[in-house]
$ cat upload.txt   # compact mmCIF, C-alpha atoms
# COMPACT_ATOMS: atom_id res chain seq x y z
CA MET A 1 177.83 68.71 137.52
CA LEU A 2 175.78 71.08 139.66
CA GLY A 3 176.15 73.78 137.05
CA SER A 4 175.06 71.41 134.32
CA TRP A 5 171.90 70.61 136.27
CA HIS A 6 170.97 74.19 137.13
CA TYR A 7 171.92 75.84 133.85
CA PRO A 8 168.83 74.83 131.85
CA VAL A 9 166.45 75.40 134.79
CA ILE A 10 167.19 79.07 135.50
CA PRO A 11 166.15 80.45 132.05
CA ARG A 12 162.87 78.52 132.19
CA MET A 13 162.02 79.94 135.58
CA ASN A 14 162.89 83.42 134.31
CA ARG A 15 160.61 83.04 131.30
CA PHE A 16 157.81 81.76 133.53
CA ALA A 17 158.34 84.66 135.93
CA ARG A 18 158.12 87.13 133.04
CA ILE A 19 155.03 85.57 131.47
CA LEU A 20 153.01 85.07 134.68
CA PRO A 21 152.45 88.79 135.49
CA LEU A 22 151.41 89.44 131.89
CA ALA A 23 148.93 86.56 131.99
CA ILE A 24 147.47 87.76 135.30
CA ALA A 25 147.15 91.30 133.95
CA GLY A 26 145.38 90.02 130.85
CA VAL A 27 142.92 87.99 132.89
CA CYS A 28 142.23 90.96 135.16
CA ALA A 29 141.69 93.21 132.15
CA ILE A 30 139.15 90.79 130.70
CA ALA A 31 137.39 90.43 134.03
CA THR A 32 137.12 94.19 134.53
CA ALA A 33 136.16 95.03 130.94
CA PRO A 34 132.39 95.30 131.61
CA ALA A 35 133.01 97.69 134.49
CA CYS A 36 135.21 99.87 132.30
CA ALA A 37 132.60 99.91 129.56
CA GLN A 38 130.07 101.80 131.68
CA VAL A 39 128.41 104.83 130.16
CA THR A 40 129.89 108.21 131.05
CA ALA A 41 126.94 110.57 131.41
CA PRO A 42 127.39 114.36 131.43
CA ALA A 43 127.09 116.21 134.72
CA VAL A 44 124.67 118.77 133.25
CA VAL A 45 121.85 117.57 131.00
CA ASP A 46 118.91 119.09 129.22
CA LEU A 47 115.74 117.35 128.09
CA LEU A 48 117.28 116.32 124.76
CA ALA A 49 120.28 114.74 126.50
CA VAL A 50 118.03 112.86 128.93
CA VAL A 51 115.92 111.41 126.12
CA ARG A 52 119.09 110.42 124.22
CA LEU A 53 120.50 108.69 127.31
CA ALA A 54 117.22 106.87 127.87
CA ARG A 55 117.20 105.62 124.29
CA ASP A 56 120.86 104.81 123.69
CA SER A 57 122.50 104.13 127.06
CA SER A 58 119.89 102.74 129.41
CA PRO A 59 120.50 99.18 130.67
CA ARG A 60 116.73 98.67 130.72
CA LEU A 61 116.53 98.97 126.94
CA ALA A 62 119.74 96.97 126.54
CA ILE A 63 117.96 94.07 128.21
CA GLU A 64 114.97 94.42 125.90
CA ARG A 65 117.24 94.55 122.85
CA GLN A 66 118.49 91.08 123.74
CA ALA A 67 115.00 89.85 122.90
CA VAL A 68 115.63 91.06 119.34
CA ALA A 69 118.88 89.08 119.25
CA GLY A 70 117.04 86.03 120.52
CA ALA A 71 114.35 86.41 117.85
CA GLU A 72 117.01 86.70 115.16
CA ALA A 73 118.62 83.52 116.47
CA ASN A 74 115.24 81.80 116.24
CA ARG A 75 115.04 82.94 112.62
CA VAL A 76 118.27 81.09 111.90
CA THR A 77 116.89 77.98 113.58
CA ALA A 78 113.59 78.21 111.72
CA GLY A 79 115.33 78.44 108.33
CA ALA A 80 117.46 75.34 108.87
CA TYR A 81 116.63 72.09 107.08
CA PRO A 82 116.42 68.85 109.09
CA ASN A 83 119.66 66.92 109.34
CA PRO A 84 119.99 63.52 107.67
CA THR A 85 120.55 60.47 109.87
CA LEU A 86 123.33 58.02 109.14
CA SER A 87 123.12 54.56 110.71
CA TYR A 88 125.48 51.61 110.57
CA GLY A 89 125.12 48.05 111.88
CA ARG A 90 126.82 44.64 111.76
CA PHE A 91 125.39 41.14 112.02
CA ARG A 92 127.47 38.10 113.07
CA PRO A 93 126.17 34.51 113.25
CA ARG A 94 126.00 33.39 116.86
CA SER A 95 124.84 29.78 116.96
CA GLY A 96 122.88 27.31 114.93
CA PRO A 97 122.79 26.94 111.16
CA SER A 98 122.94 30.01 108.89
CA THR A 99 119.35 30.99 108.16
CA LEU A 100 119.65 34.73 107.38
CA PHE A 101 122.80 34.95 105.28
CA GLU A 102 125.78 32.95 104.19
CA GLY A 103 129.05 34.38 105.44
CA SER A 104 131.00 35.24 108.55
CA ARG A 105 129.22 38.61 109.02
CA GLN A 106 126.86 41.08 107.42
CA GLU A 107 127.17 44.90 107.51
CA GLN A 108 124.74 47.60 106.47
CA ALA A 109 124.69 51.39 106.27
CA THR A 110 121.58 53.56 105.90
CA LEU A 111 121.06 57.26 105.24
CA GLU A 112 117.68 58.74 106.21
CA LEU A 113 116.51 62.24 105.19
CA PRO A 114 113.28 63.88 106.46
CA LEU A 115 111.25 65.80 103.85
CA LEU A 116 109.26 68.88 104.93
CA ILE A 117 106.71 68.60 102.16
CA ALA A 118 103.85 70.31 104.05
CA GLY A 119 105.53 73.76 104.14
CA GLN A 120 106.64 73.57 107.75
CA ARG A 121 109.91 75.39 107.09
CA SER A 122 108.32 78.35 105.30
CA ALA A 123 105.73 78.71 108.08
CA ARG A 124 108.45 78.62 110.72
CA VAL A 125 110.48 81.26 108.87
CA GLU A 126 107.42 83.50 108.56
CA LYS A 127 106.69 83.14 112.26
CA ALA A 128 110.31 83.89 113.18
CA GLU A 129 110.36 87.04 111.03
CA ARG A 130 107.13 88.26 112.60
CA ASP A 131 108.66 87.63 116.03
CA ILE A 132 111.64 89.80 115.06
CA ASP A 133 109.32 92.63 114.03
CA ALA A 134 107.37 92.30 117.27
CA ALA A 135 110.58 92.31 119.35
CA ARG A 136 111.80 95.47 117.65
CA ALA A 137 108.43 97.11 118.20
CA ARG A 138 108.56 96.20 121.89
CA VAL A 139 111.97 97.88 122.14
CA ALA A 140 110.54 101.02 120.51
CA SER A 141 107.56 100.96 122.85
CA GLY A 142 109.83 100.49 125.85
CA ALA A 143 112.02 103.36 124.69
CA SER A 144 108.96 105.58 124.41
CA SER A 145 107.76 104.69 127.91
CA LEU A 146 111.23 105.13 129.39
CA ALA A 147 111.64 108.49 127.65
CA ALA A 148 108.33 109.66 129.14
CA GLU A 149 109.37 108.63 132.66
CA ALA A 150 112.86 110.08 132.25
CA GLY A 151 111.43 113.32 130.87
CA ALA A 152 109.04 113.59 133.80
CA ALA A 153 111.92 112.97 136.23
CA PHE A 154 113.96 115.64 134.46
CA VAL A 155 111.11 118.15 134.77
CA ALA A 156 110.82 117.35 138.49
CA LEU A 157 114.57 117.94 138.93
CA LEU A 158 114.43 121.21 136.99
CA ALA A 159 111.45 122.39 139.05
CA ALA A 160 113.28 121.52 142.28
CA GLN A 161 116.31 123.51 141.12
CA GLU A 162 114.18 126.53 140.23
CA LYS A 163 112.39 126.39 143.57
CA SER A 164 115.73 126.25 145.34
CA ALA A 165 116.96 129.23 143.34
CA LEU A 166 113.74 131.05 144.20
CA LEU A 167 114.22 130.37 147.90
CA GLY A 168 117.80 131.57 147.63
CA ALA A 169 116.62 134.82 146.08
CA ALA A 170 113.94 135.13 148.78
CA ASN A 171 116.62 134.74 151.48
CA GLU A 172 118.65 137.51 149.87
CA GLU A 173 115.53 139.66 149.68
CA LEU A 174 114.78 139.09 153.37
CA ALA A 175 118.39 139.88 154.26
CA ARG A 176 118.06 143.18 152.34
CA LEU A 177 114.80 143.98 154.14
CA ARG A 178 116.42 143.21 157.49
CA HIS A 179 119.18 145.67 156.70
CA ILE A 180 116.57 148.32 155.95
CA VAL A 181 114.58 147.57 159.12
CA ALA A 182 117.74 147.52 161.24
CA GLY A 183 118.61 150.95 159.86
CA ARG A 184 115.16 152.23 160.76
CA GLU A 185 115.52 150.77 164.25
CA ALA A 186 118.83 152.56 164.71
CA SER A 187 117.16 155.83 163.75
CA GLY A 188 114.21 155.17 166.06
CA MET A 189 111.68 154.64 163.30
CA ALA A 190 111.23 150.89 163.93
CA SER A 191 111.02 148.62 166.95
CA ARG A 192 113.08 145.62 167.98
CA TYR A 193 110.01 143.50 167.24
CA ASP A 194 110.35 144.31 163.55
CA VAL A 195 113.96 143.17 163.48
CA THR A 196 113.23 140.04 165.54
CA ARG A 197 110.26 139.17 163.34
CA LEU A 198 112.47 139.42 160.26
CA ASP A 199 115.14 137.27 161.90
CA VAL A 200 112.54 134.54 162.60
CA GLU A 201 111.24 134.74 159.04
CA LEU A 202 114.78 134.60 157.66
CA GLY A 203 115.56 131.49 159.74
CA GLY A 204 112.46 129.76 158.40
CA PHE A 205 113.39 130.55 154.81
CA ARG A 206 116.93 129.27 155.32
CA ALA A 207 115.58 125.97 156.65
CA ARG A 208 113.35 125.69 153.59
CA LEU A 209 116.36 126.44 151.40
CA ASP A 210 118.31 123.58 152.98
CA GLU A 211 115.32 121.29 152.48
CA SER A 212 115.11 122.30 148.82
CA LYS A 213 118.73 121.26 148.32
CA SER A 214 118.01 117.80 149.68
CA ASP A 215 115.00 117.65 147.35
CA ILE A 216 117.30 118.39 144.41
CA SER A 217 119.57 115.52 145.46
CA ASP A 218 116.58 113.18 145.71
CA ARG A 219 115.27 114.17 142.26
CA ALA A 220 118.72 113.74 140.72
CA GLY A 221 119.08 110.29 142.28
CA ASN A 222 115.65 109.32 141.00
CA LEU A 223 116.63 110.27 137.45
CA ALA A 224 119.91 108.34 137.74
CA ALA A 225 118.13 105.25 139.07
CA LEU A 226 115.53 105.45 136.30
CA LEU A 227 118.23 105.45 133.63
CA GLY A 228 120.27 102.79 135.44
CA LEU A 229 123.36 104.99 135.80
CA PRO A 230 124.99 104.56 139.23
CA ASN A 231 127.12 107.24 140.90
CA TRP A 232 125.54 109.93 138.73
CA ARG A 233 123.97 113.04 140.20
CA PRO A 234 123.06 115.26 137.26
CA SER A 235 122.07 118.91 137.17
CA ALA A 236 119.23 119.99 134.93
CA ALA A 237 119.79 122.73 132.37
CA GLY A 238 117.09 124.74 130.66
CA SER A 239 113.89 126.41 131.74
CA LEU A 240 110.33 125.34 132.38
CA ASN A 241 109.00 126.72 129.14
CA PRO A 242 106.03 124.86 127.62
CA MET A 243 106.61 123.07 124.33
CA ALA A 244 104.88 124.24 121.17
CA LEU A 245 102.17 121.72 120.32
CA ASN A 246 99.83 121.85 117.39
CA SER A 247 96.30 122.50 118.60
CA ASP A 248 94.95 120.39 115.75
CA ALA A 249 97.05 117.45 116.97
CA LEU A 250 95.55 117.83 120.44
CA ALA A 251 92.04 117.91 118.99
CA ARG A 252 92.67 114.68 117.05
CA ALA A 253 94.54 112.94 119.87
CA ARG A 254 92.36 109.81 119.93
CA GLU A 255 92.81 109.32 116.19
CA ARG A 256 96.58 109.02 116.64
CA ALA A 257 96.32 105.97 118.89
CA ALA A 258 96.99 103.56 115.99
CA SER A 259 100.41 105.14 115.33
CA SER A 260 101.53 104.96 118.95
CA PRO A 261 104.59 102.76 119.61
CA ALA A 262 102.58 100.74 122.12
CA SER A 263 99.80 100.15 119.57
CA ILE A 264 102.28 99.20 116.85
CA ALA A 265 103.93 96.69 119.19
CA ALA A 266 100.53 95.17 120.04
CA ILE A 267 99.61 94.92 116.34
CA LEU A 268 102.88 93.17 115.44
CA GLU A 269 102.52 90.80 118.40
CA GLU A 270 99.06 89.90 117.12
CA THR A 271 100.50 89.23 113.66
CA ALA A 272 103.20 87.01 115.16
CA ALA A 273 100.59 85.07 117.14
CA GLN A 274 98.51 84.54 114.00
CA SER A 275 101.62 83.21 112.25
CA GLY A 276 101.95 80.75 115.10
CA VAL A 277 98.54 79.33 114.23
CA GLU A 278 99.72 78.59 110.70
CA VAL A 279 102.86 76.94 112.05
CA ALA A 280 100.81 74.71 114.36
CA ARG A 281 98.48 73.82 111.50
CA ARG A 282 101.35 72.76 109.24
CA GLU A 283 103.11 70.92 112.05
CA ARG A 284 100.12 68.58 112.27
CA TRP A 285 101.16 67.01 108.97
CA PRO A 286 103.49 64.02 109.39
CA VAL A 287 107.02 64.37 108.07
CA PRO A 288 108.03 61.52 105.71
CA SER A 289 111.61 60.30 105.58
CA VAL A 290 113.39 58.78 102.59
CA SER A 291 115.93 56.05 103.41
CA ALA A 292 118.67 54.67 101.18
CA GLY A 293 121.20 52.06 102.21
CA ARG A 294 123.41 49.15 101.33
CA ALA A 295 124.02 45.77 103.00
CA TRP A 296 126.88 43.37 102.29
CA THR A 297 128.26 40.09 103.60
CA SER A 298 131.78 38.77 103.99
CA ASP A 299 133.13 35.24 103.41
CA PRO A 300 131.55 35.00 100.89
CA PHE A 301 130.94 38.56 99.69
CA GLY A 302 127.45 39.61 98.61
CA SER A 303 125.64 42.96 98.59
CA ALA A 304 122.17 44.44 98.28
CA ASN A 305 120.84 48.01 98.00
CA PHE A 306 117.95 49.40 100.01
CA LEU A 307 115.48 52.25 99.32
CA GLY A 308 112.53 52.94 101.58
CA LEU A 309 110.02 55.52 102.82
CA SER A 310 108.81 55.95 106.39
CA VAL A 311 106.05 58.22 107.64
CA GLU A 312 104.32 58.74 110.95
CA ILE A 313 100.70 57.62 111.19
CA PRO A 314 98.83 60.35 113.16
CA ILE A 315 96.32 58.14 114.95
CA LEU A 316 97.06 58.42 118.66
CA ASP A 317 98.38 62.01 118.60
CA THR A 318 97.01 64.35 115.95
CA ARG A 319 98.59 67.44 117.60
CA ARG A 320 95.26 69.14 118.13
CA GLY A 321 96.44 70.50 121.46
CA GLN A 322 99.26 72.49 119.84
CA LEU A 323 96.86 74.02 117.33
CA ALA A 324 94.32 74.87 120.04
CA LYS A 325 97.09 76.50 122.11
CA ALA A 326 98.24 78.60 119.13
CA GLU A 327 94.68 79.69 118.38
CA SER A 328 94.19 80.64 122.02
CA ASP A 329 97.40 82.71 121.95
CA ALA A 330 96.21 84.45 118.78
CA VAL A 331 92.86 85.35 120.37
CA ALA A 332 94.66 86.65 123.48
CA ALA A 333 96.98 88.74 121.30
CA THR A 334 93.97 90.23 119.51
CA LEU A 335 92.34 91.11 122.82
CA ARG A 336 95.60 92.67 124.07
CA ARG A 337 95.85 94.72 120.88
CA GLU A 338 92.30 96.00 121.28
CA LEU A 339 92.91 96.80 124.94
CA THR A 340 96.20 98.56 124.20
CA GLN A 341 94.66 100.69 121.48
CA ALA A 342 91.75 101.60 123.74
CA GLU A 343 94.11 102.53 126.59
CA VAL A 344 96.35 104.58 124.32
CA ALA A 345 93.38 106.42 122.82
CA ALA A 346 91.96 107.14 126.27
CA ASN A 347 95.32 108.33 127.64
CA LEU A 348 95.99 110.53 124.61
CA GLY A 349 92.57 112.10 124.99
CA ARG A 350 93.13 112.56 128.72
CA LEU A 351 96.55 114.14 128.26
CA ALA A 352 95.25 116.42 125.51
CA GLY A 353 92.54 117.69 127.86
CA VAL A 354 95.06 118.12 130.67
CA ILE A 355 97.40 120.10 128.41
CA ILE A 356 94.62 122.41 127.23
CA SER A 357 93.40 123.11 130.76
CA ARG A 358 96.89 123.62 132.18
CA GLU A 359 97.82 125.96 129.36
CA ALA A 360 94.75 128.03 130.13
CA ALA A 361 95.56 128.04 133.86
CA LEU A 362 99.16 129.11 133.24
CA GLN A 363 98.12 131.88 130.87
CA GLN A 364 95.54 133.14 133.33
CA PHE A 365 98.10 133.10 136.13
CA GLU A 366 100.61 135.02 134.04
CA ARG A 367 97.99 137.58 133.14
CA GLU A 368 96.32 138.08 136.53
CA ALA A 369 99.01 137.34 139.10
CA ALA A 370 102.57 137.12 137.80
CA ALA A 371 102.42 140.46 136.00
CA LYS A 372 101.52 142.27 139.25
CA LEU A 373 104.24 140.81 141.47
CA PRO A 374 106.81 143.60 140.91
CA LEU A 375 104.12 146.20 141.70
CA LEU A 376 103.14 144.32 144.87
CA LYS A 377 106.74 144.32 146.05
CA GLN A 378 107.20 148.04 145.44
CA MET A 379 103.91 148.98 147.08
CA ALA A 380 104.65 146.92 150.21
CA GLU A 381 108.12 148.45 150.70
CA ASP A 382 106.87 152.01 150.06
CA ALA A 383 104.01 151.56 152.54
CA TYR A 384 106.43 150.31 155.22
CA ARG A 385 108.90 153.14 154.64
CA LEU A 386 106.12 155.74 154.83
CA GLY A 387 104.70 154.20 157.98
CA ARG A 388 101.46 153.12 156.33
CA GLY A 389 102.15 149.43 156.77
CA THR A 390 103.50 147.18 159.49
CA ILE A 391 106.27 144.63 159.34
CA LEU A 392 103.61 141.92 159.14
CA ASP A 393 102.22 143.51 156.00
CA LEU A 394 105.71 143.61 154.49
CA LEU A 395 106.39 139.96 155.37
CA ASP A 396 102.98 138.90 154.10
CA ALA A 397 103.68 140.56 150.76
CA THR A 398 107.10 138.84 150.59
CA ARG A 399 105.61 135.43 151.36
CA SER A 400 102.84 135.96 148.85
CA ARG A 401 105.31 136.79 146.10
CA ASN A 402 107.38 133.70 146.92
CA GLU A 403 104.31 131.43 147.00
CA LEU A 404 103.01 132.82 143.73
CA ARG A 405 106.36 132.27 142.05
CA GLN A 406 106.39 128.69 143.33
CA THR A 407 102.86 128.29 142.00
CA ARG A 408 104.09 129.45 138.62
CA ILE A 409 106.87 126.83 138.74
CA ASP A 410 104.36 124.11 139.65
CA LEU A 411 101.99 125.12 136.84
CA ALA A 412 104.76 125.24 134.23
CA ALA A 413 106.27 121.91 135.40
CA ALA A 414 102.89 120.16 135.36
CA LEU A 415 102.18 121.46 131.84
CA LEU A 416 105.61 120.47 130.51
CA GLU A 417 105.34 116.99 132.04
CA ALA A 418 101.92 116.44 130.43
CA GLN A 419 103.29 117.57 127.06
CA ILE A 420 106.26 115.19 127.34
CA ARG A 421 104.02 112.26 128.21
CA PHE A 422 101.64 113.10 125.35
CA LEU A 423 104.45 113.29 122.80
CA ALA A 424 106.11 110.11 124.10
CA LEU A 425 102.84 108.17 124.01
CA SER A 426 102.12 109.32 120.45
CA GLY A 427 105.70 108.49 119.39
CA GLU A 428 106.70 112.05 118.45
CA LEU A 429 108.85 113.12 121.40
CA GLU A 430 112.18 112.53 119.66
CA LYS A 431 110.97 114.27 116.52
CA SER A 432 109.78 117.30 118.47
CA LEU A 433 113.19 117.54 120.18
CA GLY A 434 115.07 117.20 116.89
CA LEU A 435 116.58 113.87 117.84
CA ALA A 436 117.51 111.64 114.92
CA ALA A 437 115.72 108.32 114.64
CA PRO A 438 117.71 105.32 115.92
CA GLU A 439 119.14 102.78 113.56
CA LYS A 440 117.00 99.71 112.97
CA GLN A 441 117.90 96.94 115.34

$ encode --input "upload.txt" --output "structure tokens"
Amino acid sequence: MLGSWHYPVIPRMNRFARILPLAIAGVCAIATAPACAQVTAPAVVDLLAVVRLARDSSPRLAIERQAVAGAEANRVTAGAYPNPTLSYGRFRPRSGPSTLFEGSRQEQATLELPLLIAGQRSARVEKAERDIDAARARVASGASSLAAEAGAAFVALLAAQEKSALLGAANEELARLRHIVAGREASGMASRYDVTRLDVELGGFRARLDESKSDISDRAGNLAALLGLPNWRPSAAGSLNPMALNSDALARARERAASSPASIAAILEETAAQSGVEVARRERWPVPSVSAGRAWTSDPFGSANFLGLSVEIPILDTRRGQLAKAESDAVAATLRRELTQAEVAANLGRLAGVIISREAALQQFEREAAAKLPLLKQMAEDAYRLGRGTILDLLDATRSRNELRQTRIDLAAALLEAQIRFLALSGELEKSLGLAAPEKQ
């Protein structure tokens, strides 16, 4: 008897024991799916890769794209027709003589259907479609702004890397000079002061090299935070070479304000707000409802059909407030569009002037200073070897070369950043980098 009781229980427990781990694993897999779906960014990126990550993989833009999904959902709601209303009721005599009907009870059913005869549905659909266009334009404008910020952060990281490499080369140069000075000291042609002075200078350059490495880490973390990619410390690839911009485009910078992504978004938002005025105007019309029904009695049986029309009488509430609110929103959208276009035109003109002046400064630096650095180095070392210069003169020439090279990095980085911001604001950054246009949301 014990076996007969336990025999059917053991297989059920075994099946439950086999299924439970699988169910737990499935639940855990579902719970951890978002974490596994994180973007895997490359360890080394160039400007093109940074702009692509900003456009396609940034959580910031993913949030803004949800506004497009919400606008599309509103389009579905706006295109729906009002639902009919079905009502049913029953009457039973309670007390007293029958005055309303003869019979034990009366039942009735009514179907009511609202009629949007004033064009409310078409106005709502138009407004919803304009909202979709405006939401997509806001995503494009946000992508342009994010690309500009990400590009500027990339340039800052690249400049920090080049400065660190420059300091590393300067440390090697000082180590080579120390070897030369130590050899001259051993032969009696230099003093201990020269060697000590070089050791102090070398220690200062090594401290600056360590500081430059921490600056690289900070710039890399800033770029990762801007793109919303945790646990990512990228390295920048490429060089600080200025981009080729059409001089005619710089001269006509203010004229390109209307084609800027920010201006297009403001224009479409204004159009959507104006559509809202039409919706509010049509919503002021009352919506009539057609009713059809049937009533019947029992014991004895009798029936009657019903057809009616009901409509709201707009006496107490004419919905003027909704129309005034929509008109106010439309005026505000127009003012925002005018302000946005003015700001874009001013910023494009400002950036064009900055680019022209920085290009001239960089060209002048290359012509008057950078080209003479190798000669300065050779002359300083020859003068020290021949005894015509002191160790201070040699160190001063080394520091001057390092500072001038850092100045060249700063000039090139500032010019490249201004070019990136100009192209992003005008909506041509992706085109200039050869990046394909994104698919329409």

$ closest_residue --input "upload.txt" --among "A:Ala69, A:Ala414, A:Ala342, A:Leu395" --to "A:Val354" --atoms "all atoms listed in the file"
A:Ala414

$ residues_around --input "upload.txt" --residues "A:Leu348" --least-positions-apart "2" --cutoff "8 Å" --atoms "all atoms listed in the file" --output "list in words"
Ala253, Arg254, Ala257, Val344, Ala345, Ala346, Arg350, Leu351, Ala352, Phe422, Leu425 and Ser426 of chain A

$ closest_atom_pairs --input "upload.txt" --of "stretch 169-191 of chain A" --to "stretch 201-209 of chain A" --cutoff "12 Å" --atoms "only C-alpha atoms" --output "JSON lines"
{"residue": "A:Ala169", "atom": "CA", "partner": "A:Leu209", "partner_atom": "CA", "distance": 9.9}
{"residue": "A:Ala170", "atom": "CA", "partner": "A:Phe205", "partner_atom": "CA", "distance": 7.6}
{"residue": "A:Asn171", "atom": "CA", "partner": "A:Phe205", "partner_atom": "CA", "distance": 6.3}
{"residue": "A:Glu172", "atom": "CA", "partner": "A:Leu202", "partner_atom": "CA", "distance": 9.2}
{"residue": "A:Glu173", "atom": "CA", "partner": "A:Leu202", "partner_atom": "CA", "distance": 9.5}
{"residue": "A:Leu174", "atom": "CA", "partner": "A:Leu202", "partner_atom": "CA", "distance": 6.2}
{"residue": "A:Ala175", "atom": "CA", "partner": "A:Leu202", "partner_atom": "CA", "distance": 7.2}
{"residue": "A:Arg176", "atom": "CA", "partner": "A:Leu202", "partner_atom": "CA", "distance": 10.6}
{"residue": "A:Leu177", "atom": "CA", "partner": "A:Leu202", "partner_atom": "CA", "distance": 10.0}
{"residue": "A:Arg178", "atom": "CA", "partner": "A:Leu202", "partner_atom": "CA", "distance": 8.8}
{"residue": "A:His179", "atom": "CA", "partner": "A:Leu202", "partner_atom": "CA", "distance": 12.0}

$ write_last_selection --input "upload.txt" --atoms "C-alpha atoms" --output "CSV table (one decimal), in the frame of the given file"
chain,number,residue,atom,x,y,z
A,169,ALA,CA,116.6,134.8,146.1
A,170,ALA,CA,113.9,135.1,148.8
A,171,ASN,CA,116.6,134.7,151.5
A,172,GLU,CA,118.6,137.5,149.9
A,173,GLU,CA,115.5,139.7,149.7
A,174,LEU,CA,114.8,139.1,153.4
A,175,ALA,CA,118.4,139.9,154.3
A,176,ARG,CA,118.1,143.2,152.3
A,177,LEU,CA,114.8,144.0,154.1
A,178,ARG,CA,116.4,143.2,157.5
A,179,HIS,CA,119.2,145.7,156.7

$ closest_atom_pairs --input "upload.txt" --of "stretch 44-143 of chain A" --to "stretch 287-294 of chain A" --cutoff "10 Å" --atoms "only C-alpha atoms" --output "JSON lines"
{"residue": "A:Pro84", "atom": "CA", "partner": "A:Ser289", "partner_atom": "CA", "distance": 9.2}
{"residue": "A:Thr85", "atom": "CA", "partner": "A:Ser291", "partner_atom": "CA", "distance": 9.1}
{"residue": "A:Leu86", "atom": "CA", "partner": "A:Gly293", "partner_atom": "CA", "distance": 9.4}
{"residue": "A:Ser87", "atom": "CA", "partner": "A:Gly293", "partner_atom": "CA", "distance": 9.1}
{"residue": "A:Tyr88", "atom": "CA", "partner": "A:Gly293", "partner_atom": "CA", "distance": 9.4}
{"residue": "A:Glu107", "atom": "CA", "partner": "A:Arg294", "partner_atom": "CA", "distance": 8.4}
{"residue": "A:Gln108", "atom": "CA", "partner": "A:Arg294", "partner_atom": "CA", "distance": 5.5}
{"residue": "A:Ala109", "atom": "CA", "partner": "A:Gly293", "partner_atom": "CA", "distance": 5.4}
{"residue": "A:Thr110", "atom": "CA", "partner": "A:Gly293", "partner_atom": "CA", "distance": 4.0}
{"residue": "A:Leu111", "atom": "CA", "partner": "A:Ala292", "partner_atom": "CA", "distance": 5.4}
{"residue": "A:Glu112", "atom": "CA", "partner": "A:Ser291", "partner_atom": "CA", "distance": 4.3}
{"residue": "A:Leu113", "atom": "CA", "partner": "A:Ser289", "partner_atom": "CA", "distance": 5.3}
{"residue": "A:Pro114", "atom": "CA", "partner": "A:Ser289", "partner_atom": "CA", "distance": 4.0}
{"residue": "A:Leu115", "atom": "CA", "partner": "A:Pro288", "partner_atom": "CA", "distance": 5.7}
{"residue": "A:Leu116", "atom": "CA", "partner": "A:Val287", "partner_atom": "CA", "distance": 5.9}
{"residue": "A:Ile117", "atom": "CA", "partner": "A:Val287", "partner_atom": "CA", "distance": 7.3}
{"residue": "A:Ala118", "atom": "CA", "partner": "A:Val287", "partner_atom": "CA", "distance": 7.8}
{"residue": "A:Gln120", "atom": "CA", "partner": "A:Val287", "partner_atom": "CA", "distance": 9.2}

$ atom_distance --input "upload.txt" --atom1 "atom CA of A:Ala150" --atom2 "atom CA of A:Ser217"
15.8 Å

$ atom_distance --input "upload.txt" --atom1 "atom CA of A:Gly142" --atom2 "atom CA of A:Ile267"
15.0 Å

$ closest_residue --input "upload.txt" --among "A:Gln341, A:Ser191, A:Gln419, A:Ser57" --to "A:Leu227" --atoms "all atoms listed in the file"
A:Ser57

$ atom_distance --input "upload.txt" --atom1 "atom CA of A:Ser122" --atom2 "atom CA of A:Ala78"
8.3 Å

$ axis_aligned_box --input "upload.txt" --around "stretch 71-84 of chain A" --padding-each-side "3 Å" --output "AutoDock Vina command-line options"
--center_x 116.8 --center_y 75.1 --center_z 112.5 --size_x 12.4 --size_y 29.2 --size_z 16.8

$ closest_residue --input "upload.txt" --among "A:Asp299, A:Ser141, A:Gly228, A:Glu129" --to "A:Ser104" --atoms "only C-alpha atoms"
A:Asp299

$ decode --input "upload.txt" --residues "stretch 245-252 of chain A" --atoms "N, CA and C atoms" --output "JSON list (two decimals), in the first residue's frame"
[["chain", "number", "residue", "atom", "x", "y", "z"],
["A", 245, "LEU", "N", 36.70, 73.02, -46.23],
["A", 245, "LEU", "CA", 35.41, 73.69, -46.33],
["A", 245, "LEU", "C", 35.42, 74.66, -47.50],
["A", 246, "ASN", "N", 34.28, 74.72, -48.15],
["A", 246, "ASN", "CA", 34.13, 75.64, -49.28],
["A", 246, "ASN", "C", 34.08, 77.07, -48.77],
["A", 247, "SER", "N", 34.96, 77.91, -49.29],
["A", 247, "SER", "CA", 34.98, 79.30, -48.85],
["A", 247, "SER", "C", 33.69, 80.02, -49.20],
["A", 248, "ASP", "N", 33.04, 79.62, -50.30],
["A", 248, "ASP", "CA", 31.78, 80.23, -50.67],
["A", 248, "ASP", "C", 30.69, 79.88, -49.65],
["A", 249, "ALA", "N", 30.75, 78.65, -49.12],
["A", 249, "ALA", "CA", 29.78, 78.25, -48.09],
["A", 249, "ALA", "C", 29.98, 79.06, -46.81],
["A", 250, "LEU", "N", 31.22, 79.38, -46.47],
["A", 250, "LEU", "CA", 31.47, 80.21, -45.30],
["A", 250, "LEU", "C", 30.97, 81.63, -45.51],
["A", 251, "ALA", "N", 31.13, 82.13, -46.74],
["A", 251, "ALA", "CA", 30.69, 83.50, -47.03],
["A", 251, "ALA", "C", 29.17, 83.61, -46.98],
["A", 252, "ARG", "N", 28.45, 82.54, -47.33],
["A", 252, "ARG", "CA", 26.99, 82.56, -47.33],
["A", 252, "ARG", "C", 26.43, 81.78, -46.14]]
